[in-house]
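Have a look at target.tsv; it's TSV, C-alpha atoms:
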chain	number	residue	atom	x	y	z
A	294	MET	CA	0.00	0.00	0.00
A	295	GLU	CA	1.52	3.41	-1.04
A	296	ARG	CA	1.10	6.71	0.75
A	297	SER	CA	0.92	10.11	-1.00
A	298	ASP	CA	4.63	10.71	-0.23
A	299	GLY	CA	5.59	7.56	-2.07
A	300	ARG	CA	6.45	5.42	1.01
A	301	LYS	CA	4.98	1.97	1.36
A	302	THR	CA	3.07	0.85	4.43
A	303	GLU	CA	1.85	-2.55	5.47
A	304	ALA	CA	-1.73	-3.08	6.60
A	305	LYS	CA	-2.19	-5.27	9.70
A	306	ASN	CA	-5.32	-7.17	10.60
A	307	VAL	CA	-6.24	-6.24	14.20
A	308	GLN	CA	-8.80	-8.64	15.65
A	309	ARG	CA	-10.65	-7.05	18.52
A	310	PRO	CA	-11.93	-9.38	21.24
A	311	THR	CA	-15.64	-9.99	21.07
A	312	LEU	CA	-18.06	-9.98	24.03
A	313	ASN	CA	-18.10	-13.79	24.21
A	314	ALA	CA	-14.31	-13.89	24.24
A	315	GLN	CA	-14.21	-11.42	27.12
A	316	ARG	CA	-16.70	-13.53	29.10
A	317	SER	CA	-14.64	-16.68	28.53
A	318	THR	CA	-11.47	-14.99	29.78
A	319	ALA	CA	-13.26	-13.78	32.90
A	320	LYS	CA	-14.40	-17.32	33.74
A	321	ARG	CA	-11.04	-19.05	33.30
A	322	SER	CA	-9.82	-21.01	36.27
A	323	THR	CA	-6.30	-21.05	37.66
A	324	GLN	CA	-5.59	-24.48	36.17
A	325	GLU	CA	-6.67	-23.31	32.70
A	326	ILE	CA	-4.41	-20.25	32.94
A	327	ILE	CA	-1.43	-22.42	33.96
A	328	THR	CA	-2.08	-24.71	30.99
A	329	ILE	CA	-2.09	-21.74	28.61
A	330	LEU	CA	1.14	-20.39	30.14
A	331	HIS	CA	2.85	-23.73	29.61
A	332	LYS	CA	1.83	-23.60	25.95
A	333	TRP	CA	3.43	-20.15	25.74
A	334	GLY	CA	6.65	-21.54	27.20
A	335	ILE	CA	6.19	-19.95	30.62
A	336	HIS	CA	7.32	-22.57	33.15
A	337	THR	CA	8.91	-20.59	36.00
A	338	LEU	CA	7.72	-17.90	38.40
A	339	GLY	CA	10.35	-15.46	37.10
A	340	GLN	CA	9.21	-15.86	33.51
A	341	PHE	CA	5.61	-15.27	34.56
A	342	ALA	CA	6.51	-12.15	36.62
A	343	ALA	CA	8.38	-10.65	33.62
A	344	LEU	CA	5.25	-10.53	31.49
A	345	ASP	CA	3.36	-7.27	30.94
A	346	LYS	CA	0.46	-6.94	33.37
A	347	GLU	CA	-1.97	-5.18	31.01
A	348	GLN	CA	-1.38	-7.49	28.08
A	349	LEU	CA	-1.67	-10.52	30.37
A	350	GLY	CA	-5.01	-9.27	31.68
A	351	ALA	CA	-6.28	-8.54	28.17
A	352	ARG	CA	-5.54	-12.10	27.05
A	353	LEU	CA	-6.25	-14.20	30.15
A	354	GLY	CA	-8.60	-12.10	32.25
A	355	PRO	CA	-8.70	-10.74	35.84
A	356	ALA	CA	-7.67	-14.06	37.38
A	357	ALA	CA	-4.32	-13.86	35.60
A	358	ILE	CA	-3.82	-10.31	36.90
A	359	ARG	CA	-4.31	-11.50	40.48
A	360	MET	CA	-1.78	-14.29	39.88
A	361	TRP	CA	0.70	-11.77	38.41
A	362	GLU	CA	0.28	-9.46	41.46
A	363	ARG	CA	1.00	-12.35	43.81
A	364	ALA	CA	4.07	-13.32	41.80
A	365	ASN	CA	5.42	-9.75	41.99
A	366	GLY	CA	4.51	-9.20	45.65
A	367	ALA	CA	1.96	-6.52	44.81
A	368	TYR	CA	-1.11	-8.35	46.18
A	369	ASN	CA	-2.26	-7.46	49.67
A	370	ARG	CA	-4.51	-9.97	51.37
A	371	VAL	CA	-6.22	-8.81	54.53
A	372	LEU	CA	-5.69	-11.25	57.37
A	373	LYS	CA	-8.84	-12.50	59.10
A	374	LEU	CA	-8.16	-12.82	62.78
A	375	VAL	CA	-9.82	-15.87	64.26
A	376	ARG	CA	-9.79	-16.21	68.03
A	377	PRO	CA	-9.29	-19.85	69.00
A	378	PRO	CA	-11.94	-21.21	71.35
A	379	GLU	CA	-10.93	-20.96	74.97
A	380	SER	CA	-10.88	-24.13	76.99
A	381	PHE	CA	-11.61	-23.73	80.67
A	382	GLU	CA	-10.06	-26.92	81.94
A	383	GLU	CA	-7.60	-27.74	84.70
A	384	SER	CA	-5.92	-31.11	85.28
A	385	PHE	CA	-3.26	-32.61	87.51
A	386	GLU	CA	-1.49	-35.95	87.76
A	387	PHE	CA	-0.44	-37.02	91.24
A	388	GLU	CA	3.11	-38.24	91.75
A	389	ASN	CA	1.85	-40.91	94.13
A	390	GLU	CA	-1.45	-42.70	94.18
A	391	ILE	CA	-3.93	-41.19	96.65
A	392	GLU	CA	-6.61	-43.03	98.57
A	393	THR	CA	-8.15	-40.21	100.62
A	394	ALA	CA	-10.28	-37.23	99.66
A	395	GLU	CA	-8.13	-34.48	101.22
A	396	PRO	CA	-5.52	-34.17	98.41
A	397	LEU	CA	-8.29	-34.42	95.84
A	398	LEU	CA	-10.32	-31.62	97.47
A	399	PHE	CA	-7.19	-29.48	97.77
A	400	MET	CA	-6.54	-29.70	94.03
A	401	LEU	CA	-10.19	-29.13	93.17
A	402	ARG	CA	-10.27	-25.90	95.16
A	403	ARG	CA	-7.17	-24.68	93.33
A	404	PHE	CA	-8.83	-25.56	90.03
A	405	LEU	CA	-11.93	-23.58	90.96
A	406	GLU	CA	-9.88	-20.54	91.96
A	407	HIS	CA	-8.01	-20.55	88.64
A	408	LEU	CA	-11.17	-21.07	86.61
A	409	ALA	CA	-13.02	-18.32	88.49
A	410	VAL	CA	-10.24	-15.80	87.78
A	411	ARG	CA	-10.15	-16.67	84.07
A	412	LEU	CA	-13.94	-16.51	83.71
A	413	HIS	CA	-14.20	-13.25	85.64
A	414	ALA	CA	-11.57	-11.66	83.37
A	415	ILE	CA	-13.79	-12.09	80.30
A	416	TYR	CA	-17.10	-11.40	82.10
A	417	LEU	CA	-18.41	-14.97	82.04
A	418	VAL	CA	-19.72	-17.36	84.68
A	419	ALA	CA	-19.77	-21.14	84.97
A	420	LYS	CA	-23.03	-22.91	84.20
A	421	GLU	CA	-21.73	-26.49	84.32
A	422	LEU	CA	-18.79	-28.35	85.84
A	423	THR	CA	-17.39	-31.67	84.62
A	424	LEU	CA	-15.30	-33.71	87.05
A	425	GLN	CA	-13.04	-36.49	85.76
A	426	ILE	CA	-11.14	-38.84	88.07
A	427	THR	CA	-8.63	-41.34	86.70
A	428	PHE	CA	-7.92	-44.49	88.71
A	429	ALA	CA	-4.89	-46.74	88.89
A	430	ASP	CA	-4.74	-50.52	88.50
A	431	PRO	CA	-7.03	-50.72	85.47
A	432	PRO	CA	-8.19	-54.16	84.33
A	433	GLN	CA	-6.02	-55.96	81.80
A	434	VAL	CA	-7.61	-56.30	78.36
A	435	ARG	CA	-6.27	-58.88	75.90
A	436	THR	CA	-5.80	-57.58	72.38
A	437	GLN	CA	-6.03	-59.62	69.17
A	438	ASP	CA	-2.28	-60.24	69.06
A	439	GLY	CA	-2.37	-61.65	72.59
A	440	SER	CA	-0.66	-58.75	74.33
A	441	ALA	CA	-2.14	-57.20	77.46
A	442	ALA	CA	-3.33	-53.61	77.20
A	443	ALA	CA	-4.42	-51.46	80.12
A	444	ASP	CA	-7.78	-49.76	79.77
A	445	LYS	CA	-7.87	-46.70	82.01
A	446	GLN	CA	-10.76	-46.32	84.38
A	447	VAL	CA	-12.16	-42.80	84.32
A	448	TYR	CA	-15.05	-41.60	86.46
A	449	GLU	CA	-16.94	-38.62	85.07
A	450	ARG	CA	-19.68	-36.57	86.66
A	451	VAL	CA	-21.43	-33.46	85.30
A	452	PHE	CA	-22.71	-30.88	87.81
A	453	LYS	CA	-25.50	-28.60	86.64
A	454	ILE	CA	-25.32	-25.24	88.38
A	455	PRO	CA	-28.85	-23.93	89.00
A	456	GLN	CA	-27.71	-20.30	89.01
A	457	PRO	CA	-24.49	-19.81	86.99
A	458	THR	CA	-21.83	-18.28	89.21
A	459	ASN	CA	-18.09	-17.93	89.84
A	460	ASP	CA	-18.39	-18.23	93.62
A	461	VAL	CA	-15.53	-20.55	94.56
A	462	ASP	CA	-16.95	-21.46	97.99
A	463	LEU	CA	-20.33	-22.36	96.52
A	464	LEU	CA	-18.88	-24.48	93.72
A	465	PHE	CA	-16.48	-26.18	96.09
A	466	ARG	CA	-19.26	-27.15	98.50
A	467	MET	CA	-21.11	-28.75	95.60
A	468	LEU	CA	-18.08	-30.89	94.72
A	469	GLN	CA	-17.33	-31.67	98.36
A	470	THR	CA	-20.88	-32.84	99.04
A	471	HIS	CA	-20.65	-35.26	96.13
A	472	LEU	CA	-17.22	-36.62	97.11
A	473	GLU	CA	-18.16	-37.18	100.77
A	474	ASN	CA	-20.02	-40.36	99.81
A	475	PHE	CA	-17.83	-41.26	96.83
A	476	ARG	CA	-16.23	-44.71	97.03
A	477	SER	CA	-13.69	-46.34	94.72
A	478	GLU	CA	-11.99	-49.72	94.60
A	479	HIS	CA	-8.81	-48.29	93.03
A	480	PRO	CA	-6.53	-45.41	94.07
A	481	ILE	CA	-6.64	-42.11	92.21
A	482	VAL	CA	-3.76	-41.04	89.95
A	483	ALA	CA	-5.18	-37.96	88.14
A	484	VAL	CA	-8.02	-35.46	88.34
A	485	ALA	CA	-9.43	-32.93	85.87
A	486	LEU	CA	-12.09	-30.25	86.15
A	487	SER	CA	-13.64	-28.29	83.28
A	488	ALA	CA	-16.18	-25.45	83.27
A	489	GLN	CA	-18.79	-24.60	80.66
A	490	PRO	CA	-18.98	-20.79	80.43
A	491	ILE	CA	-22.03	-18.64	79.82
A	492	LYS	CA	-22.89	-14.97	80.00
A	493	PRO	CA	-24.44	-13.83	83.30
A	494	ALA	CA	-28.22	-14.06	83.18
A	495	LYS	CA	-30.18	-10.84	83.35
A	496	GLU	CA	-33.90	-11.27	83.68
A	497	GLN	CA	-36.65	-8.91	84.72
A	498	PHE	CA	-39.64	-10.59	86.29
A	499	GLY	CA	-43.23	-9.54	85.94
A	500	LEU	CA	-45.67	-8.62	88.63
A	501	PHE	CA	-46.99	-12.20	89.05
A	502	GLU	CA	-43.66	-13.97	88.53
A	503	THR	CA	-41.28	-15.16	91.17
A	504	THR	CA	-38.01	-16.99	91.50
A	505	LEU	CA	-36.14	-18.92	94.13
A	506	ARG	CA	-34.59	-16.86	96.86
A	507	ASN	CA	-31.38	-18.89	96.81
A	508	PRO	CA	-31.20	-21.48	93.99
A	509	SER	CA	-27.66	-22.48	94.96
A	510	GLN	CA	-28.71	-23.36	98.51
A	511	LEU	CA	-31.59	-25.44	97.17
A	512	SER	CA	-29.21	-27.29	94.83
A	513	GLU	CA	-26.84	-27.96	97.71
A	514	THR	CA	-29.68	-29.28	99.84
A	515	LEU	CA	-30.84	-31.59	97.03
A	516	ALA	CA	-27.29	-32.85	96.60
A	517	GLN	CA	-27.06	-33.66	100.32
A	518	LEU	CA	-30.39	-35.49	100.18
A	519	SER	CA	-29.26	-37.45	97.11
A	520	ALA	CA	-26.07	-38.45	98.88
A	521	LEU	CA	-28.02	-39.51	101.97
A	522	LEU	CA	-31.03	-41.23	100.38
A	523	GLY	CA	-29.87	-42.06	96.88
A	524	ALA	CA	-30.38	-40.20	93.61
A	525	ASP	CA	-33.37	-42.39	92.68
A	526	ARG	CA	-35.29	-41.23	95.78
A	527	VAL	CA	-34.97	-37.47	95.33
A	528	GLY	CA	-36.80	-35.53	92.64
A	529	THR	CA	-40.16	-34.33	91.38
A	530	PRO	CA	-42.97	-36.90	91.13
A	531	PHE	CA	-44.75	-37.22	87.79
A	532	LEU	CA	-47.86	-39.29	87.20
A	533	GLU	CA	-47.45	-42.24	84.87
A	534	GLU	CA	-49.68	-42.58	81.84
A	535	THR	CA	-51.86	-45.21	83.42
A	536	HIS	CA	-55.07	-45.48	85.42
A	537	ARG	CA	-53.33	-47.35	88.21
A	538	PRO	CA	-53.65	-45.38	91.46
A	539	ASP	CA	-50.46	-43.87	92.89
A	540	ALA	CA	-48.41	-44.84	89.81
A	541	PHE	CA	-45.69	-42.20	89.47
A	542	ARG	CA	-42.01	-41.75	88.63
A	543	LEU	CA	-39.33	-39.44	90.00
A	544	GLU	CA	-37.48	-37.05	87.72
A	545	PRO	CA	-34.65	-34.65	88.62
A	546	PHE	CA	-35.93	-31.47	90.21
A	547	THR	CA	-35.87	-28.38	87.99
A	548	TRP	CA	-37.07	-24.92	88.87
A	549	ALA	CA	-38.86	-23.03	86.09
A	550	VAL	CA	-40.30	-19.58	86.54
A	551	GLU	CA	-43.87	-19.58	85.30
A	552	SER	CA	-46.21	-16.69	84.98
A	553	ALA	CA	-49.45	-16.81	86.89
A	554	VAL	CA	-51.27	-15.58	83.80
A	555	PRO	CA	-49.95	-17.43	80.74
A	556	SER	CA	-48.90	-15.40	77.73
A	557	GLY	CA	-51.16	-15.43	74.71
A	558	LYS	CA	-54.32	-15.84	76.82
A	559	ASN	CA	-56.99	-13.37	77.62
A	560	ARG	CA	-55.98	-11.85	80.95
A	561	GLN	CA	-59.57	-10.83	81.65
A	562	SER	CA	-61.04	-14.24	80.93
A	563	GLY	CA	-61.41	-16.53	83.88
A	564	SER	CA	-61.60	-19.67	81.71
A	565	ASP	CA	-58.11	-19.11	80.26
A	566	SER	CA	-56.33	-18.24	83.47
A	567	HIS	CA	-54.46	-20.89	85.45
A	568	ALA	CA	-54.18	-18.65	88.49
A	569	LEU	CA	-57.83	-17.63	88.83
A	570	ARG	CA	-60.27	-20.47	88.46
A	571	THR	CA	-63.86	-20.85	89.55
A	572	ALA	CA	-63.95	-22.85	92.75
A	573	HIS	CA	-66.52	-25.60	93.06
A	574	ALA	CA	-67.39	-27.87	95.92
A	575	THR	CA	-65.84	-31.32	95.60
A	576	LEU	CA	-64.96	-34.15	97.92
A	577	ALA	CA	-61.26	-34.63	98.61
A	578	LEU	CA	-59.93	-38.13	99.18
A	579	ARG	CA	-57.45	-38.29	102.05
A	580	ARG	CA	-55.50	-41.29	100.79
A	581	PHE	CA	-53.76	-43.75	103.07
A	582	ARG	CA	-50.23	-44.68	102.02
A	583	PRO	CA	-49.92	-47.58	102.20
A	584	ALA	CA	-53.51	-48.70	101.95
A	585	VAL	CA	-55.00	-50.11	105.15
A	586	SER	CA	-55.95	-53.77	105.21
A	587	ALA	CA	-59.66	-54.37	105.83
A	588	SER	CA	-62.38	-56.99	105.85
A	589	VAL	CA	-65.53	-56.44	103.82
A	590	PHE	CA	-68.54	-58.68	104.42
A	591	LEU	CA	-70.78	-59.17	101.40
A	592	ASP	CA	-74.49	-59.80	101.23
A	593	ALA	CA	-75.67	-60.86	97.77
A	594	ASP	CA	-72.52	-59.44	96.20
A	595	ARG	CA	-73.08	-56.13	97.95
A	596	ALA	CA	-70.94	-54.73	100.75
A	597	ALA	CA	-72.78	-54.98	104.05
A	598	HIS	CA	-70.07	-54.32	106.65
A	599	VAL	CA	-66.51	-52.95	106.57
A	600	ARG	CA	-63.96	-53.45	109.32
A	601	SER	CA	-60.38	-52.28	109.78
A	602	ALA	CA	-58.14	-51.16	112.62
A	603	ASP	CA	-59.64	-47.64	112.72
A	604	ILE	CA	-62.78	-47.80	110.59
A	605	ARG	CA	-65.70	-50.13	111.10
A	606	GLY	CA	-69.44	-50.10	110.69
A	607	ASN	CA	-72.39	-51.24	108.61
A	608	VAL	CA	-72.62	-49.98	105.07
A	609	ILE	CA	-75.77	-47.93	104.40
A	610	GLU	CA	-74.95	-46.72	100.87
A	611	GLN	CA	-72.43	-47.65	98.21
A	612	ARG	CA	-71.35	-46.85	94.68
A	613	GLY	CA	-69.52	-49.30	92.49
A	614	PRO	CA	-67.86	-51.46	91.57
A	615	TYR	CA	-65.54	-49.43	89.30
A	616	LEU	CA	-63.38	-51.93	87.42
A	617	ILE	CA	-59.96	-50.72	86.32
A	618	SER	CA	-56.98	-52.62	84.96
A	619	GLY	CA	-53.84	-52.10	82.96
A	620	ASN	CA	-50.55	-53.48	81.64
A	621	TRP	CA	-52.32	-56.63	80.50
A	622	TRP	CA	-49.71	-57.02	77.74
A	623	ASP	CA	-46.71	-57.66	80.05
A	624	GLU	CA	-45.80	-59.22	83.39
A	625	LYS	CA	-46.82	-56.06	85.28
A	626	SER	CA	-50.52	-56.57	84.64
A	627	TRP	CA	-52.91	-55.45	87.36
A	628	ALA	CA	-56.63	-55.29	88.00
A	629	ARG	CA	-58.80	-53.99	90.82
A	630	ALA	CA	-62.39	-53.10	91.66
A	631	GLU	CA	-63.16	-49.96	93.70
A	632	TRP	CA	-66.18	-49.05	95.81
A	633	ASP	CA	-67.23	-45.89	97.61
A	634	LEU	CA	-68.91	-46.91	100.86
A	635	GLN	CA	-70.76	-44.85	103.46
A	636	THR	CA	-70.97	-46.32	106.92
A	637	GLU	CA	-73.69	-45.79	109.50
A	638	ASN	CA	-71.50	-43.34	111.45
A	639	GLY	CA	-71.26	-40.98	108.41
A	640	GLU	CA	-67.80	-41.87	107.17
A	641	VAL	CA	-67.33	-42.22	103.41
A	642	VAL	CA	-64.41	-44.44	102.45
A	643	ARG	CA	-62.98	-45.85	99.28
A	644	VAL	CA	-62.12	-49.52	99.29
A	645	HIS	CA	-60.76	-51.77	96.60
A	646	GLU	CA	-60.41	-55.46	95.99
A	647	ALA	CA	-57.23	-56.57	94.26
A	648	ASP	CA	-57.73	-59.18	91.49
A	649	PRO	CA	-61.54	-59.33	91.73
A	650	PRO	CA	-63.32	-62.41	90.35
A	651	SER	CA	-64.50	-60.51	87.25
A	652	GLN	CA	-60.86	-59.76	86.40
A	653	SER	CA	-59.21	-62.98	87.60
A	654	TYR	CA	-61.22	-65.45	85.50
A	655	GLY	CA	-63.13	-67.08	88.35
A	656	VAL	CA	-60.27	-67.29	90.84
A	657	ALA	CA	-61.12	-66.83	94.51
A	658	ARG	CA	-61.65	-63.30	95.75
A	659	GLY	CA	-58.58	-61.16	96.44
A	660	THR	CA	-57.67	-58.98	99.39
A	661	TRP	CA	-59.60	-55.90	100.49
A	662	LYS	CA	-57.96	-52.61	101.43
A	663	ILE	CA	-59.12	-49.12	102.34
A	664	ASP	CA	-57.56	-46.49	100.06
A	665	GLY	CA	-58.67	-43.44	102.02
A	666	VAL	CA	-61.41	-41.38	103.59
A	667	TYR	CA	-63.37	-38.60	101.89
A	668	ASP	CA	-63.24	-35.25	103.70
Reformat the file's structure so that it appears as C-alpha cells.
Amino acid sequence: MERSDGRKTEAKNVQRPTLNAQRSTAKRSTQEIITILHKWGIHTLGQFAALDKEQLGARLGPAAIRMWERANGAYNRVLKLVRPPESFEESFEFENEIETAEPLLFMLRRFLEHLAVRLHAIYLVAKELTLQITFADPPQVRTQDGSAAADKQVYERVFKIPQPTNDVDLLFRMLQTHLENFRSEHPIVAVALSAQPIKPAKEQFGLFETTLRNPSQLSETLAQLSALLGADRVGTPFLEETHRPDAFRLEPFTWAVESAVPSGKNRQSGSDSHALRTAHATLALRRFRPAVSASVFLDADRAAHVRSADIRGNVIEQRGPYLISGNWWDEKSWARAEWDLQTENGEVVRVHEADPPSQSYGVARGTWKIDGVYD
C-alpha cells in the first residue's frame, strides 16, 4: 500500500476481542491459565513475573492479573483474625497414688480458683462443671495379638449449676458434698475439672412472677439429700400414663419460673387463666399410704359391713364397683375393683379389691384394702 509521499506501508489485521471472548477470559480457572502459560513456554515464576500486566489481563482475564500481582509481591490480602476457642479446663497428675479425699479436694479448690479468675476476666460465669477422676490398676484387656493392654478407668460426673456463678466457695461445697459419699476400689492417679462458660443471666420478672430466693442453697440441699437417700429417691414426682392409682415416677428437680397468667391468653377471661379459676365444691380423698388392710362382708354381692383397725361399721350406701386394669400385655398386669362406701357413722371411704373375680377369671376373691377417707 503506497502513501501520498511515495512510502509503502503494510496493513495489519487487528482482531478485537468480542463480548463472548471477554466472558470466557473472565471465567477461566487457575488451572486453565497455567495450561495456557505452559503452551506459551512460561514454566517458572520469574518468567511469569516478567510478562506485561496489562497485556496478560487482556488475554487471560482478571484471574491472571491476580496471579501476576502475587508473583510480583503486589497483592495485599487482609488477614482474618480468628480467636481460637478458649478451653476452661484444669488437670493434675499425682506423683503418688492417693486413697483419701483431702488431696483431691485441695486440688479441686485450686482448680476452681483458677477457673473463676479466668472466667471473671472475660465477664463470664460457669453454668456447668465436669469432674473427671482417673484411677490406677485398670483391668487388663487382651488384644487380638495376645498382648495385654491397660484400659484406664475414668469416672466422670457433670454438675448442673442452678444459678451460673463464679463463687468458689459455693462451687467447692457442691463438689465436696458429692465426694463425701464417693467410694472407689482403686486409688486415684489424676483429676481434671472443666467449666462450661455462659454470660451472666439478666432477667426482669413480671408482677406475678417469682423466682427462688437462693437457687444455689436449694441445689446444695438436694445434693445432700441425694447423697443420703440415693439419687433415685430425690426428685419431682410425675404421674405415669396409666389409670393405676399412685403410679408415678421421679425425675430430677428443675425450677422453672412460670407466669401466673400465661402469655397469649386473655388476661380478663377466667376460663383461660391458670391462676384464677372458679372454685366448686368437691370431695377430697385423704388417701392412706400404704392402703389399710380391711375386711368387707358381702351380702348378695353387695358390701354390708366394713372393718379395719380404725374404721368399722355397717354400710348404708355404696357406689360401684368401678373396674380398672392395665398393663395386660406384660408381666406387670394389674386389675382392681373400687367401691365408695358410706358407713352408718357418716364416714365415706374408698375400698378396693385386688384381682376381683371378674378380672381374675373365676379365681377366689382377692384382698380388700381401704384407700382413704373422703373429707
Between atom CA of A:Thr470 and atom CA of A:Glu513, what is the distance in Å, rounded to a tenth?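 Those two atoms sit 7.8 Å apart.
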Interatomic distance, atom CA of A:Leu349 to atom CA of A:Glu362 (Å, one decimal):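 Between these atoms lies a distance of 11.3 Å.
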Which residue of A:Arg403, A:Arg537, A:Arg595, A:Lys420 approaches A:Val484 most closely, using all atoms listed in the file: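 Using all atoms listed in the file, A:Val484 sits closest to A:Arg403.
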Need the neighbours of (-42.4, -32.1, 95.4): which residues are at most 12 Å away, counting all atoms listed in the file, as a tab-separated table (two decimals) with C-alpha atoms, in the frame of the given file?
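Below is the file out-v3.tsv, written as the result:
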chain	number	residue	atom	x	y	z
A	515	LEU	CA	-30.84	-31.59	97.03
A	526	ARG	CA	-35.29	-41.23	95.78
A	527	VAL	CA	-34.97	-37.47	95.33
A	528	GLY	CA	-36.80	-35.53	92.64
A	529	THR	CA	-40.16	-34.33	91.38
A	530	PRO	CA	-42.97	-36.90	91.13
A	531	PHE	CA	-44.75	-37.22	87.79
A	542	ARG	CA	-42.01	-41.75	88.63
A	543	LEU	CA	-39.33	-39.44	90.00
A	544	GLU	CA	-37.48	-37.05	87.72
A	545	PRO	CA	-34.65	-34.65	88.62
A	546	PHE	CA	-35.93	-31.47	90.21
A	547	THR	CA	-35.87	-28.38	87.99
A	548	TRP	CA	-37.07	-24.92	88.87
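Distance-wise, atom CA of A:Ala394 and atom CA of A:Ala483 end up 12.6 Å apart.
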Return as AutoDock Vina command-line options the centre and edge lengths, in Å with one decimal, of the box along x, y and z that encloses every atom of stretch 396-412 of chain A in the file, padded by 6 Å per side.
--center_x -9.7 --center_y -25.1 --center_z 91.1 --size_x 20.4 --size_y 30.6 --size_z 26.7
Which is closest to A:Leu521 among A:Asn507, A:Asn474, A:Thr535, A:Gln446, if we use only C-alpha atoms?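 Counting only C-alpha atoms, the residue closest to A:Leu521 is A:Asn474.
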Around (-20.9, -19.2, 83.7) in the file's own coordinates, what residues are found within 7 Å if you use all atoms listed in the file, given back as number ranges by chain? A: 417-420, 457-459, 489-493
I want to know what sits within 7 Å of stretch 611-624 of chain A, based on all atoms listed in the file, with residues of the same chain fewer than 5 positions away left out; could you give that as a ChimeraX atom specification? /A:629-635
